[in-house]
Amino acid sequence: MVAFGDDGVWTAPGQRRRHLPLPRFVVDDLGFDAGGWRVDRHPRFVADLTGFGNDGPG
């Protein structure tokens, strides 16, 4: 899971179990308060670049 919060970007890697681990703060930018990013002016996207369907490099 990837979340764009007020203070930046958070991640919680999915697991086969039925719960997510605690979120981890990963980027101190791209947020409403951090960097001045606004949803209406700055679209943010997430993509699977490797095609493996996971959060790692494959």
# chains A, B, ... in the order shown; residues from 1 in each chain; ligands from 1

$ select_by_dssp --residues "chain A" --states "strand (DSSP E)" --output "NGL selection string"
:A and (2-5 or 8-11 or 24-27)

$ closest_residue --among "A:Leu22, A:Asp40, A:Asp29, A:Ala47" --to "Asp7 (chain A)" --atoms "only C-alpha atoms"
A:Asp29

$ closest_residue --among "A:Gly51, A:Gly31, A:Arg24, A:Arg44" --to "Asp6 (chain A)" --atoms "only C-alpha atoms"
A:Gly31

$ residues_around --residues "Leu20 (chain A)" --least-positions-apart "5" --cutoff "12 Å" --atoms "only C-alpha atoms" --output "PyMOL selection string"
chain A and resi 1-2+11-15

$ closest_residue --among "A:Phe52, A:Gly5, A:Arg38, A:Val46" --to "Pro23 (chain A)" --atoms "only C-alpha atoms"
A:Gly5

$ atom_distance --atom1 "CA of Leu49 (chain A)" --atom2 "CA of Asp28 (chain A)"
21.9 Å

$ atom_distance --atom1 "CA of Asp33 (chain A)" --atom2 "CA of His19 (chain A)"
28.8 Å

$ atom_distance --atom1 "CA of Gly8 (chain A)" --atom2 "CA of Gly53 (chain A)"
23.4 Å
